[in-house]
file target-v9.tsv (TSV, C-alpha atoms and all ligand atoms)
chain	number	residue	atom	x	y	z
A	20	MET	CA	-2.71	-6.98	-8.40
A	21	VAL	CA	-3.62	-5.29	-5.13
A	22	GLY	CA	-1.47	-3.26	-2.77
A	23	ALA	CA	-1.80	-1.53	0.57
A	24	ALA	CA	-0.81	1.89	1.80
A	25	VAL	CA	-0.60	0.79	5.43
A	26	VAL	CA	-0.90	3.91	7.59
A	27	ASP	CA	-0.71	4.29	11.35
A	28	SER	CA	-4.24	5.68	11.45
A	29	LEU	CA	-6.89	6.00	8.73
A	30	GLU	CA	-8.35	9.01	10.50
A	31	GLN	CA	-5.07	10.84	11.07
A	32	PRO	CA	-2.32	9.22	9.05
A	33	THR	CA	1.19	10.35	9.87
A	34	ARG	CA	3.29	7.32	8.94
A	35	LEU	CA	3.34	4.78	6.12
A	36	LEU	CA	4.59	1.20	6.33
A	37	VAL	CA	6.94	0.48	3.45
A	38	ALA	CA	8.39	-2.90	2.53
A	39	ARG	CA	11.62	-3.87	0.79
A	40	ARG	CA	11.32	-6.67	-1.75
A	41	THR	CA	13.64	-9.64	-1.94
A	42	SER	CA	12.74	-10.79	-5.47
A	43	PRO	CA	12.70	-10.92	-8.46
A	44	PRO	CA	16.27	-9.70	-9.03
A	45	GLN	CA	15.22	-6.54	-10.86
A	46	PHE	CA	13.10	-5.44	-7.88
A	47	ALA	CA	15.16	-6.85	-5.00
A	48	GLY	CA	16.15	-4.08	-2.60
A	49	MET	CA	13.40	-1.75	-3.81
A	50	TRP	CA	10.57	-0.50	-1.65
A	51	GLU	CA	6.94	-1.13	-2.40
A	52	PHE	CA	3.38	-1.35	-1.16
A	53	PRO	CA	2.85	-4.81	0.31
A	54	GLY	CA	0.32	-6.85	-1.65
A	55	GLY	CA	0.18	-9.33	-4.48
A	56	LYS	CA	-1.89	-11.10	-7.05
A	57	VAL	CA	-5.62	-11.58	-6.88
A	58	GLU	CA	-6.43	-15.27	-7.18
A	59	THR	CA	-9.15	-16.66	-9.39
A	60	GLY	CA	-12.54	-16.28	-7.76
A	61	GLU	CA	-11.28	-13.87	-5.14
A	62	THR	CA	-12.33	-10.25	-4.74
A	63	CYS	CA	-9.60	-7.62	-4.72
A	64	GLU	CA	-10.45	-6.74	-1.13
A	65	ALA	CA	-10.23	-10.37	-0.02
A	66	ALA	CA	-6.92	-10.74	-1.83
A	67	LEU	CA	-5.53	-7.73	-0.02
A	68	HIS	CA	-6.56	-9.09	3.38
A	69	ARG	CA	-5.02	-12.46	2.50
A	70	GLU	CA	-1.75	-11.04	1.14
A	71	LEU	CA	-1.23	-8.78	4.16
A	72	ASN	CA	-1.81	-11.68	6.47
A	73	GLU	CA	0.60	-13.93	4.56
A	74	GLU	CA	3.33	-11.34	4.00
A	75	LEU	CA	3.15	-9.31	7.20
A	76	GLY	CA	1.07	-11.36	9.64
A	77	ILE	CA	-1.46	-8.58	10.14
A	78	HIS	CA	-5.20	-8.09	10.05
A	79	VAL	CA	-6.37	-4.77	8.67
A	80	ARG	CA	-9.29	-2.45	8.14
A	81	LEU	CA	-9.60	-1.12	4.61
A	82	GLY	CA	-9.98	2.60	4.05
A	83	ALA	CA	-10.47	4.46	0.80
A	84	GLU	CA	-8.99	3.29	-2.45
A	85	ILE	CA	-6.32	5.48	-4.04
A	86	PRO	CA	-7.87	5.60	-7.49
A	87	GLY	CA	-5.55	4.97	-10.37
A	88	PRO	CA	-5.87	6.09	-13.98
A	89	ALA	CA	-7.30	2.75	-15.16
A	90	ASP	CA	-10.18	0.53	-14.05
A	91	GLN	CA	-7.61	-1.95	-12.81
A	92	GLY	CA	-5.80	0.78	-10.90
A	93	TRP	CA	-2.20	1.78	-11.40
A	94	PRO	CA	-0.25	0.42	-14.36
A	95	LEU	CA	2.84	-1.54	-13.27
A	96	ASN	CA	4.17	-2.62	-16.62
A	97	GLY	CA	2.77	-3.53	-20.02
A	98	LYS	CA	0.55	-6.26	-18.58
A	99	ALA	CA	-0.33	-5.72	-14.94
A	100	ALA	CA	-2.01	-3.04	-12.89
A	101	MET	CA	-2.51	-2.66	-9.17
A	102	ARG	CA	-5.41	-1.32	-7.12
A	103	VAL	CA	-4.25	0.30	-3.88
A	104	TRP	CA	-6.16	0.96	-0.67
A	105	PHE	CA	-5.33	2.79	2.52
A	106	VAL	CA	-5.37	0.30	5.37
A	107	GLU	CA	-4.88	0.38	9.11
A	108	VAL	CA	-3.60	-2.51	11.23
A	109	THR	CA	-6.27	-3.92	13.53
A	110	ALA	CA	-4.35	-6.93	14.84
A	111	GLY	CA	-0.78	-8.17	14.73
A	112	GLU	CA	2.60	-6.48	14.57
A	113	PRO	CA	3.88	-6.25	10.99
A	114	GLU	CA	6.80	-8.62	10.34
A	115	ALA	CA	8.65	-9.37	7.11
A	116	LEU	CA	7.41	-12.97	6.88
A	117	GLN	CA	7.42	-13.39	3.10
A	118	ASP	CA	8.71	-11.51	0.02
A	119	HIS	CA	10.42	-8.74	2.06
A	120	ASP	CA	13.59	-8.39	4.11
A	121	GLU	CA	12.80	-5.10	5.80
A	122	LEU	CA	9.78	-3.10	6.88
A	123	ARG	CA	9.89	0.52	7.90
A	124	TRP	CA	7.37	3.03	9.23
A	125	VAL	CA	8.22	6.33	7.53
A	126	PRO	CA	6.73	9.76	8.16
A	127	LEU	CA	4.46	11.00	5.38
A	128	ASP	CA	5.65	14.62	5.59
A	129	ALA	CA	7.14	16.22	2.53
A	130	GLY	CA	10.90	16.34	2.33
A	131	THR	CA	11.39	13.22	4.41
A	132	GLU	CA	12.82	9.75	3.97
A	133	VAL	CA	9.74	8.43	2.15
A	134	GLU	CA	10.72	10.41	-0.95
A	135	ASP	CA	14.32	9.28	-0.92
A	136	LEU	CA	13.79	5.53	-0.70
A	137	PRO	CA	14.50	3.54	-3.86
A	138	TRP	CA	10.90	2.69	-4.74
A	139	ILE	CA	9.89	0.37	-7.55
A	140	PRO	CA	9.61	2.98	-10.31
A	141	ALA	CA	5.98	2.12	-11.11
A	142	ASP	CA	5.05	2.96	-7.51
A	143	LYS	CA	6.19	6.56	-7.62
A	144	PRO	CA	2.98	7.99	-9.13
A	145	ILE	CA	1.00	6.03	-6.53
A	146	LEU	CA	3.07	7.59	-3.78
A	147	VAL	CA	2.43	11.05	-5.22
A	148	ALA	CA	-1.33	10.41	-5.37
A	149	LEU	CA	-1.31	9.00	-1.85
A	150	ARG	CA	0.40	12.02	-0.40
A	151	SER	CA	-1.70	14.49	-2.35
A	152	ALA	CA	-4.86	12.69	-1.18
A	153	LEU	CA	-3.74	13.32	2.38
A	154	GLY	CA	-2.65	16.88	1.63
A	155	GLU	CA	-6.03	17.89	0.24
A	156	VAL	CA	-7.53	18.00	3.70
A	157	PRO	CA	-8.45	21.48	4.86
A	158	SER	CA	-6.40	22.10	7.97
A	159	SER	CA	-9.51	23.10	9.93
A	160	PHE	CA	-11.05	19.71	9.24
A	161	GLY	CA	-8.59	17.88	11.44
A	162	LYS	CA	-9.31	14.55	9.79
A	163	VAL	CA	-8.46	12.88	6.55
A	164	PRO	CA	-11.67	11.84	4.82
A	165	SER	CA	-9.84	10.53	1.80
A	166	ALA	CA	-8.37	7.77	3.92
A	167	PHE	CA	-11.79	6.69	5.24
A	168	GLY	CA	-13.66	3.81	3.83
A	169	GLU	CA	-15.24	0.70	5.15
A	170	GLY	CA	-15.14	0.53	8.89
A	171	PRO	CA	-17.42	0.28	11.86
A	172	SER	CA	-19.36	3.40	10.95
A	173	ALA	CA	-18.75	3.59	7.22
B	1	LIG	N1	3.25	-6.24	-4.20
B	1	LIG	C1	3.64	-5.28	-5.04
B	1	LIG	N2	4.05	-5.60	-6.28
B	1	LIG	C2	4.45	-4.59	-7.08
B	1	LIG	C3	4.45	-3.24	-6.65
B	1	LIG	N3	4.89	-2.46	-7.66
B	1	LIG	C4	5.18	-3.28	-8.70
B	1	LIG	O1	5.60	-2.96	-9.81
B	1	LIG	N4	4.90	-4.59	-8.34
B	1	LIG	C5	5.12	-5.74	-9.21
B	1	LIG	C6	6.26	-6.59	-8.76
B	1	LIG	C7	5.84	-7.98	-9.21
B	1	LIG	O2	6.20	-8.13	-10.57
B	1	LIG	C8	4.34	-7.94	-9.11
B	1	LIG	C9	3.84	-8.44	-7.78
B	1	LIG	O3	4.15	-9.73	-7.57
B	1	LIG	P1	4.12	-10.34	-6.09
B	1	LIG	O4	5.26	-11.29	-6.03
B	1	LIG	O5	4.04	-9.27	-5.05
B	1	LIG	O6	2.73	-11.07	-6.09
B	1	LIG	P2	2.42	-12.48	-5.42
B	1	LIG	O7	3.10	-12.51	-4.08
B	1	LIG	O8	0.96	-12.69	-5.44
B	1	LIG	O9	3.12	-13.41	-6.49
B	1	LIG	P3	3.61	-14.89	-6.33
B	1	LIG	O10	4.95	-14.77	-5.66
B	1	LIG	O11	2.59	-15.57	-5.50
B	1	LIG	O12	3.68	-15.35	-7.75
B	1	LIG	O13	3.99	-6.56	-9.23
B	1	LIG	C10	4.02	-2.94	-5.34
B	1	LIG	O14	4.00	-1.78	-4.87
B	1	LIG	N5	3.63	-3.99	-4.56
call {"tool": "encode", "arguments": {"input": "target-v9.tsv", "output": "structure tokens"}}
result
Amino acid sequence: MVGAAVVDSLEQPTRLLVARRTSPPQFAGMWEFPGGKVETGETCEAALHRELNEELGIHVRLGAEIPGPADQGWPLNGKAAMRVWFVEVTAGEPEALQDHDELRWVPLDAGTEVEDLPWIPADKPILVALRSALGEVPSSFGKVPSAFGEGPSA
């Protein structure tokens, strides 16, 4: 599995795009990182580009990966794991085209809505790692290197 932490800017992220699932029943109504399954013969990065285009109608630039505790990323349940990357929209306006019934840009600041949303439980540690990756930036730096990755100059 692959997922995306879609932020408003890889260089200076302030908001995260969260998506509310419509299925299966046990996850319907819960918020998640948009993404999906990697198909046979596909790289994880290609799968993420494809899923974001199918689900949200966007093209993106990948930033840094949010490393999980396993090679395959973040454990979701007994069987699956998900690798998650920061991404920024390069074309298109995100729309809930498939798998979701609502999208929301939420501020990343502590003590805000992002913490109160009913996330898929397995996503909570990812959210913590995501926010701590952003919080590790020395304030004098003014940029968020942990969200950088491939890009024009990377
Ligand atoms: N996309 C996504 N799936 C997640 C997250 N957290 C989590 O436990 N999951 C689980 C829910 C599903 O059981 C599975 C993802 O399935 P999916 O339905 O998004 O994948 P897909 O679109 O490729 O699947 P399919 O409908 O084509 O079979 O992983 C998350 O943050 N994002």
call {"tool": "axis_aligned_box", "arguments": {"input": "target-v9.tsv", "around": "ligand LIG 1 (chain B)", "padding_each_side": "4 Å", "output": "JSON"}}
result
{"center_x": 3.6, "center_y": -8.7, "center_z": -7.3, "size_x": 13.3, "size_y": 21.8, "size_z": 14.5}
call {"tool": "residues_near_ligand", "arguments": {"input": "target-v9.tsv", "ligand": "ligand LIG 1 (chain B)", "cutoff": "6 Å", "atoms": "only C-alpha atoms and all ligand atoms", "output": "short mmCIF file (atom, residue, chain, number, x, y, z; two decimals) with C-alpha atoms, in the frame of the given file"}}
result
data_model
loop_
_atom_site.label_atom_id
_atom_site.label_comp_id
_atom_site.auth_asym_id
_atom_site.auth_seq_id
_atom_site.Cartn_x
_atom_site.Cartn_y
_atom_site.Cartn_z
CA GLY A 22 -1.47 -3.26 -2.77
CA GLU A 51 6.94 -1.13 -2.40
CA PHE A 52 3.38 -1.35 -1.16
CA PRO A 53 2.85 -4.81 0.31
CA GLY A 54 0.32 -6.85 -1.65
CA GLY A 55 0.18 -9.33 -4.48
CA LYS A 56 -1.89 -11.10 -7.05
CA LEU A 95 2.84 -1.54 -13.27
CA ILE A 139 9.89 0.37 -7.55
CA ALA A 141 5.98 2.12 -11.11
CA ASP A 142 5.05 2.96 -7.51
#
call {"tool": "residues_around", "arguments": {"input": "target-v9.tsv", "residues": "Pro144 of chain A", "least_positions_apart": "4", "cutoff": "10 Å", "atoms": "only C-alpha atoms", "output": "list in words"}}
result
Gly87, Trp93, Pro94, Pro140, Ala148, Leu149 and Arg150 of chain A
call {"tool": "closest_residue", "arguments": {"input": "target-v9.tsv", "among": "A:Thr59, A:Arg39, A:Trp50, A:Ala24", "to": "Glu84 of chain A", "atoms": "all atoms listed in the file"}}
result
A:Ala24
call {"tool": "residues_around", "arguments": {"input": "target-v9.tsv", "residues": "Trp138 of chain A", "least_positions_apart": "6", "cutoff": "12 Å", "atoms": "all atoms listed in the file", "output": "PDB file with C-alpha atoms, in the frame of the given file"}}
result
ATOM      1  CA  VAL A  37       6.940   0.480   3.450  1.00  0.00           C
ATOM      2  CA  ALA A  38       8.390  -2.900   2.530  1.00  0.00           C
ATOM      3  CA  ARG A  39      11.620  -3.870   0.790  1.00  0.00           C
ATOM      4  CA  ARG A  40      11.320  -6.670  -1.750  1.00  0.00           C
ATOM      5  CA  GLN A  45      15.220  -6.540 -10.860  1.00  0.00           C
ATOM      6  CA  PHE A  46      13.100  -5.440  -7.880  1.00  0.00           C
ATOM      7  CA  ALA A  47      15.160  -6.850  -5.000  1.00  0.00           C
ATOM      8  CA  GLY A  48      16.150  -4.080  -2.600  1.00  0.00           C
ATOM      9  CA  MET A  49      13.400  -1.750  -3.810  1.00  0.00           C
ATOM     10  CA  TRP A  50      10.570  -0.500  -1.650  1.00  0.00           C
ATOM     11  CA  GLU A  51       6.940  -1.130  -2.400  1.00  0.00           C
ATOM     12  CA  PHE A  52       3.380  -1.350  -1.160  1.00  0.00           C
ATOM     13  CA  GLU A 132      12.820   9.750   3.970  1.00  0.00           C
ATOM     14  CA  PRO A 144       2.980   7.990  -9.130  1.00  0.00           C
ATOM     15  CA  ILE A 145       1.000   6.030  -6.530  1.00  0.00           C
ATOM     16  CA  LEU A 146       3.070   7.590  -3.780  1.00  0.00           C
ATOM     17  CA  VAL A 147       2.430  11.050  -5.220  1.00  0.00           C
TER      18      VAL A 147
END
call {"tool": "atom_distance", "arguments": {"input": "target-v9.tsv", "atom1": "atom CA of Leu35 of chain A", "atom2": "atom CA of Gly60 of chain A"}}
result
29.8 Å
call {"tool": "atom_distance", "arguments": {"input": "target-v9.tsv", "atom1": "atom CA of Ile85 of chain A", "atom2": "atom CA of Arg69 of chain A"}}
result
19.1 Å
call {"tool": "atom_distance", "arguments": {"input": "target-v9.tsv", "atom1": "atom CA of Leu116 of chain A", "atom2": "atom CA of Pro44 of chain A"}}
result
18.5 Å
call {"tool": "residues_near_point", "arguments": {"input": "target-v9.tsv", "point": "(8.4, -13.1, -6.5)", "cutoff": "7 Å", "atoms": "only C-alpha atoms", "output": "list in words"}}
result
Ser42, Pro43 and Asp118 of chain A
call {"tool": "residues_around", "arguments": {"input": "target-v9.tsv", "residues": "Val108 of chain A", "least_positions_apart": "4", "cutoff": "8 Å", "atoms": "only C-alpha atoms", "output": "CSV table (one decimal) with C-alpha atoms, in the coordinates of the input"}}
result
chain,number,residue,atom,x,y,z
A,25,VAL,CA,-0.6,0.8,5.4
A,26,VAL,CA,-0.9,3.9,7.6
A,27,ASP,CA,-0.7,4.3,11.4
A,77,ILE,CA,-1.5,-8.6,10.1
A,78,HIS,CA,-5.2,-8.1,10.0
A,79,VAL,CA,-6.4,-4.8,8.7
A,80,ARG,CA,-9.3,-2.4,8.1
call {"tool": "residues_around", "arguments": {"input": "target-v9.tsv", "residues": "segment 89-91 of chain A", "least_positions_apart": "2", "cutoff": "10 Å", "atoms": "all atoms listed in the file", "output": "list of chain:residue names"}}
result
A:Met20, A:Val21, A:Pro86, A:Gly87, A:Trp93, A:Pro94, A:Ala99, A:Ala100, A:Met101, A:Arg102, A:Val103
call {"tool": "closest_residue", "arguments": {"input": "target-v9.tsv", "among": "A:Leu71, A:Phe105, A:Val133, A:Asp120", "to": "Gln31 of chain A", "atoms": "only C-alpha atoms"}}
result
A:Phe105
call {"tool": "closest_residue", "arguments": {"input": "target-v9.tsv", "among": "A:Thr33, A:Thr62, A:Thr109, A:Thr131", "to": "Gly76 of chain A", "atoms": "all atoms listed in the file"}}
result
A:Thr109
call {"tool": "closest_residue", "arguments": {"input": "target-v9.tsv", "among": "A:Asp135, A:Glu121, A:Glu112, A:Glu30", "to": "Gly82 of chain A", "atoms": "only C-alpha atoms"}}
result
A:Glu30
call {"tool": "closest_residue", "arguments": {"input": "target-v9.tsv", "among": "A:Leu81, A:Asn96, A:Leu75, A:Leu153", "to": "Cys63 of chain A", "atoms": "all atoms listed in the file"}}
result
A:Leu81
call {"tool": "decode", "arguments": {"input": "target-v9.tsv", "residues": "segment 39-83 of chain A", "atoms": "N, CA and C atoms", "output": "CSV table (one decimal), in the first residue's frame"}}
result
chain,number,residue,atom,x,y,z
A,39,ARG,N,-12.1,11.4,3.6
A,39,ARG,CA,-13.0,10.6,4.3
A,39,ARG,C,-13.5,9.4,3.5
A,40,ARG,N,-13.2,8.2,3.9
A,40,ARG,CA,-13.5,7.0,3.2
A,40,ARG,C,-15.0,6.7,3.1
A,41,THR,N,-15.4,6.0,2.1
A,41,THR,CA,-16.8,5.6,1.9
A,41,THR,C,-16.9,4.1,2.1
A,42,SER,N,-15.8,3.3,2.1
A,42,SER,CA,-15.9,1.9,2.3
A,42,SER,C,-14.6,1.3,2.7
A,43,PRO,N,-14.4,0.1,3.1
A,43,PRO,CA,-15.5,-0.8,3.5
A,43,PRO,C,-16.2,-0.3,4.8
A,44,PRO,N,-17.3,-1.0,5.2
A,44,PRO,CA,-18.1,-0.5,6.2
A,44,PRO,C,-17.4,-0.1,7.5
A,45,GLN,N,-16.3,-0.9,7.8
A,45,GLN,CA,-15.6,-0.7,9.1
A,45,GLN,C,-14.8,0.6,9.1
A,46,PHE,N,-14.5,1.1,7.8
A,46,PHE,CA,-13.7,2.3,7.7
A,46,PHE,C,-14.5,3.5,7.1
A,47,ALA,N,-15.8,3.3,6.7
A,47,ALA,CA,-16.6,4.3,6.2
A,47,ALA,C,-16.7,5.4,7.2
A,48,GLY,N,-16.5,6.7,6.8
A,48,GLY,CA,-16.7,7.8,7.7
A,48,GLY,C,-15.4,8.2,8.4
A,49,MET,N,-14.4,7.3,8.2
A,49,MET,CA,-13.1,7.7,8.8
A,49,MET,C,-12.1,8.4,7.9
A,50,TRP,N,-11.2,9.1,8.4
A,50,TRP,CA,-10.3,10.0,7.6
A,50,TRP,C,-9.0,9.2,7.4
A,51,GLU,N,-8.4,9.5,6.3
A,51,GLU,CA,-7.2,8.7,5.9
A,51,GLU,C,-6.3,9.5,5.0
A,52,PHE,N,-5.2,8.9,4.7
A,52,PHE,CA,-4.3,9.5,3.7
A,52,PHE,C,-4.7,8.8,2.4
A,53,PRO,N,-5.0,9.7,1.4
A,53,PRO,CA,-5.4,9.1,0.1
A,53,PRO,C,-4.3,8.2,-0.5
A,54,GLY,N,-4.7,7.1,-1.2
A,54,GLY,CA,-3.7,6.2,-1.7
A,54,GLY,C,-4.3,4.9,-2.0
A,55,GLY,N,-3.5,3.8,-2.1
A,55,GLY,CA,-4.1,2.5,-2.4
A,55,GLY,C,-3.1,1.5,-2.6
A,56,LYS,N,-3.5,0.4,-3.3
A,56,LYS,CA,-2.6,-0.7,-3.5
A,56,LYS,C,-1.7,-0.5,-4.7
A,57,VAL,N,-0.5,-1.0,-4.5
A,57,VAL,CA,0.5,-1.1,-5.5
A,57,VAL,C,0.2,-2.3,-6.4
A,58,GLU,N,0.1,-2.0,-7.7
A,58,GLU,CA,-0.2,-3.1,-8.6
A,58,GLU,C,1.1,-3.9,-9.0
A,59,THR,N,0.9,-5.1,-9.4
A,59,THR,CA,2.0,-5.9,-9.9
A,59,THR,C,2.8,-5.2,-10.9
A,60,GLY,N,4.1,-5.2,-10.7
A,60,GLY,CA,5.0,-4.6,-11.8
A,60,GLY,C,5.1,-3.1,-11.6
A,61,GLU,N,4.5,-2.5,-10.7
A,61,GLU,CA,4.4,-1.0,-10.5
A,61,GLU,C,5.4,-0.6,-9.4
A,62,THR,N,6.1,0.5,-9.5
A,62,THR,CA,6.8,1.0,-8.3
A,62,THR,C,5.8,1.6,-7.4
A,63,CYS,N,6.3,1.8,-6.1
A,63,CYS,CA,5.4,2.4,-5.1
A,63,CYS,C,5.1,3.9,-5.5
A,64,GLU,N,6.2,4.5,-6.0
A,64,GLU,CA,6.0,5.9,-6.4
A,64,GLU,C,5.0,6.1,-7.6
A,65,ALA,N,5.1,5.2,-8.5
A,65,ALA,CA,4.2,5.2,-9.7
A,65,ALA,C,2.8,4.9,-9.2
A,66,ALA,N,2.6,4.0,-8.3
A,66,ALA,CA,1.3,3.7,-7.7
A,66,ALA,C,0.7,4.9,-7.0
A,67,LEU,N,1.5,5.6,-6.3
A,67,LEU,CA,1.0,6.8,-5.6
A,67,LEU,C,0.5,7.9,-6.6
A,68,HIS,N,1.3,8.1,-7.6
A,68,HIS,CA,0.9,9.1,-8.7
A,68,HIS,C,-0.4,8.6,-9.3
A,69,ARG,N,-0.5,7.3,-9.6
A,69,ARG,CA,-1.7,6.8,-10.2
A,69,ARG,C,-3.0,6.9,-9.3
A,70,GLU,N,-2.8,6.5,-8.1
A,70,GLU,CA,-3.9,6.5,-7.1
A,70,GLU,C,-4.4,7.9,-6.9
A,71,LEU,N,-3.5,8.9,-6.8
A,71,LEU,CA,-3.9,10.3,-6.5
A,71,LEU,C,-4.6,10.9,-7.7
A,72,ASN,N,-4.2,10.4,-8.9
A,72,ASN,CA,-4.9,10.9,-10.1
A,72,ASN,C,-6.3,10.3,-10.2
A,73,GLU,N,-6.4,9.0,-9.9
A,73,GLU,CA,-7.7,8.3,-9.9
A,73,GLU,C,-8.7,8.8,-8.9
A,74,GLU,N,-8.1,8.9,-7.6
A,74,GLU,CA,-9.0,9.2,-6.5
A,74,GLU,C,-9.3,10.7,-6.4
A,75,LEU,N,-8.3,11.6,-6.7
A,75,LEU,CA,-8.5,13.0,-6.5
A,75,LEU,C,-8.4,13.9,-7.7
A,76,GLY,N,-8.0,13.3,-8.8
A,76,GLY,CA,-7.8,14.0,-10.1
A,76,GLY,C,-6.7,15.0,-10.0
A,77,ILE,N,-5.6,14.7,-9.3
A,77,ILE,CA,-4.5,15.6,-9.2
A,77,ILE,C,-3.2,15.0,-9.7
A,78,HIS,N,-2.3,15.9,-10.1
A,78,HIS,CA,-0.9,15.5,-10.4
A,78,HIS,C,-0.1,16.1,-9.2
A,79,VAL,N,1.0,15.3,-8.8
A,79,VAL,CA,1.7,15.8,-7.6
A,79,VAL,C,3.2,15.7,-7.8
A,80,ARG,N,3.9,16.3,-7.0
A,80,ARG,CA,5.4,16.2,-6.8
A,80,ARG,C,5.6,15.5,-5.5
A,81,LEU,N,6.4,14.4,-5.5
A,81,LEU,CA,6.7,13.7,-4.3
A,81,LEU,C,7.8,14.4,-3.5
A,82,GLY,N,7.6,14.5,-2.2
A,82,GLY,CA,8.6,14.9,-1.3
A,82,GLY,C,9.3,13.8,-0.6
A,83,ALA,N,9.7,14.0,0.6
A,83,ALA,CA,10.3,12.9,1.4
A,83,ALA,C,9.3,11.9,1.9
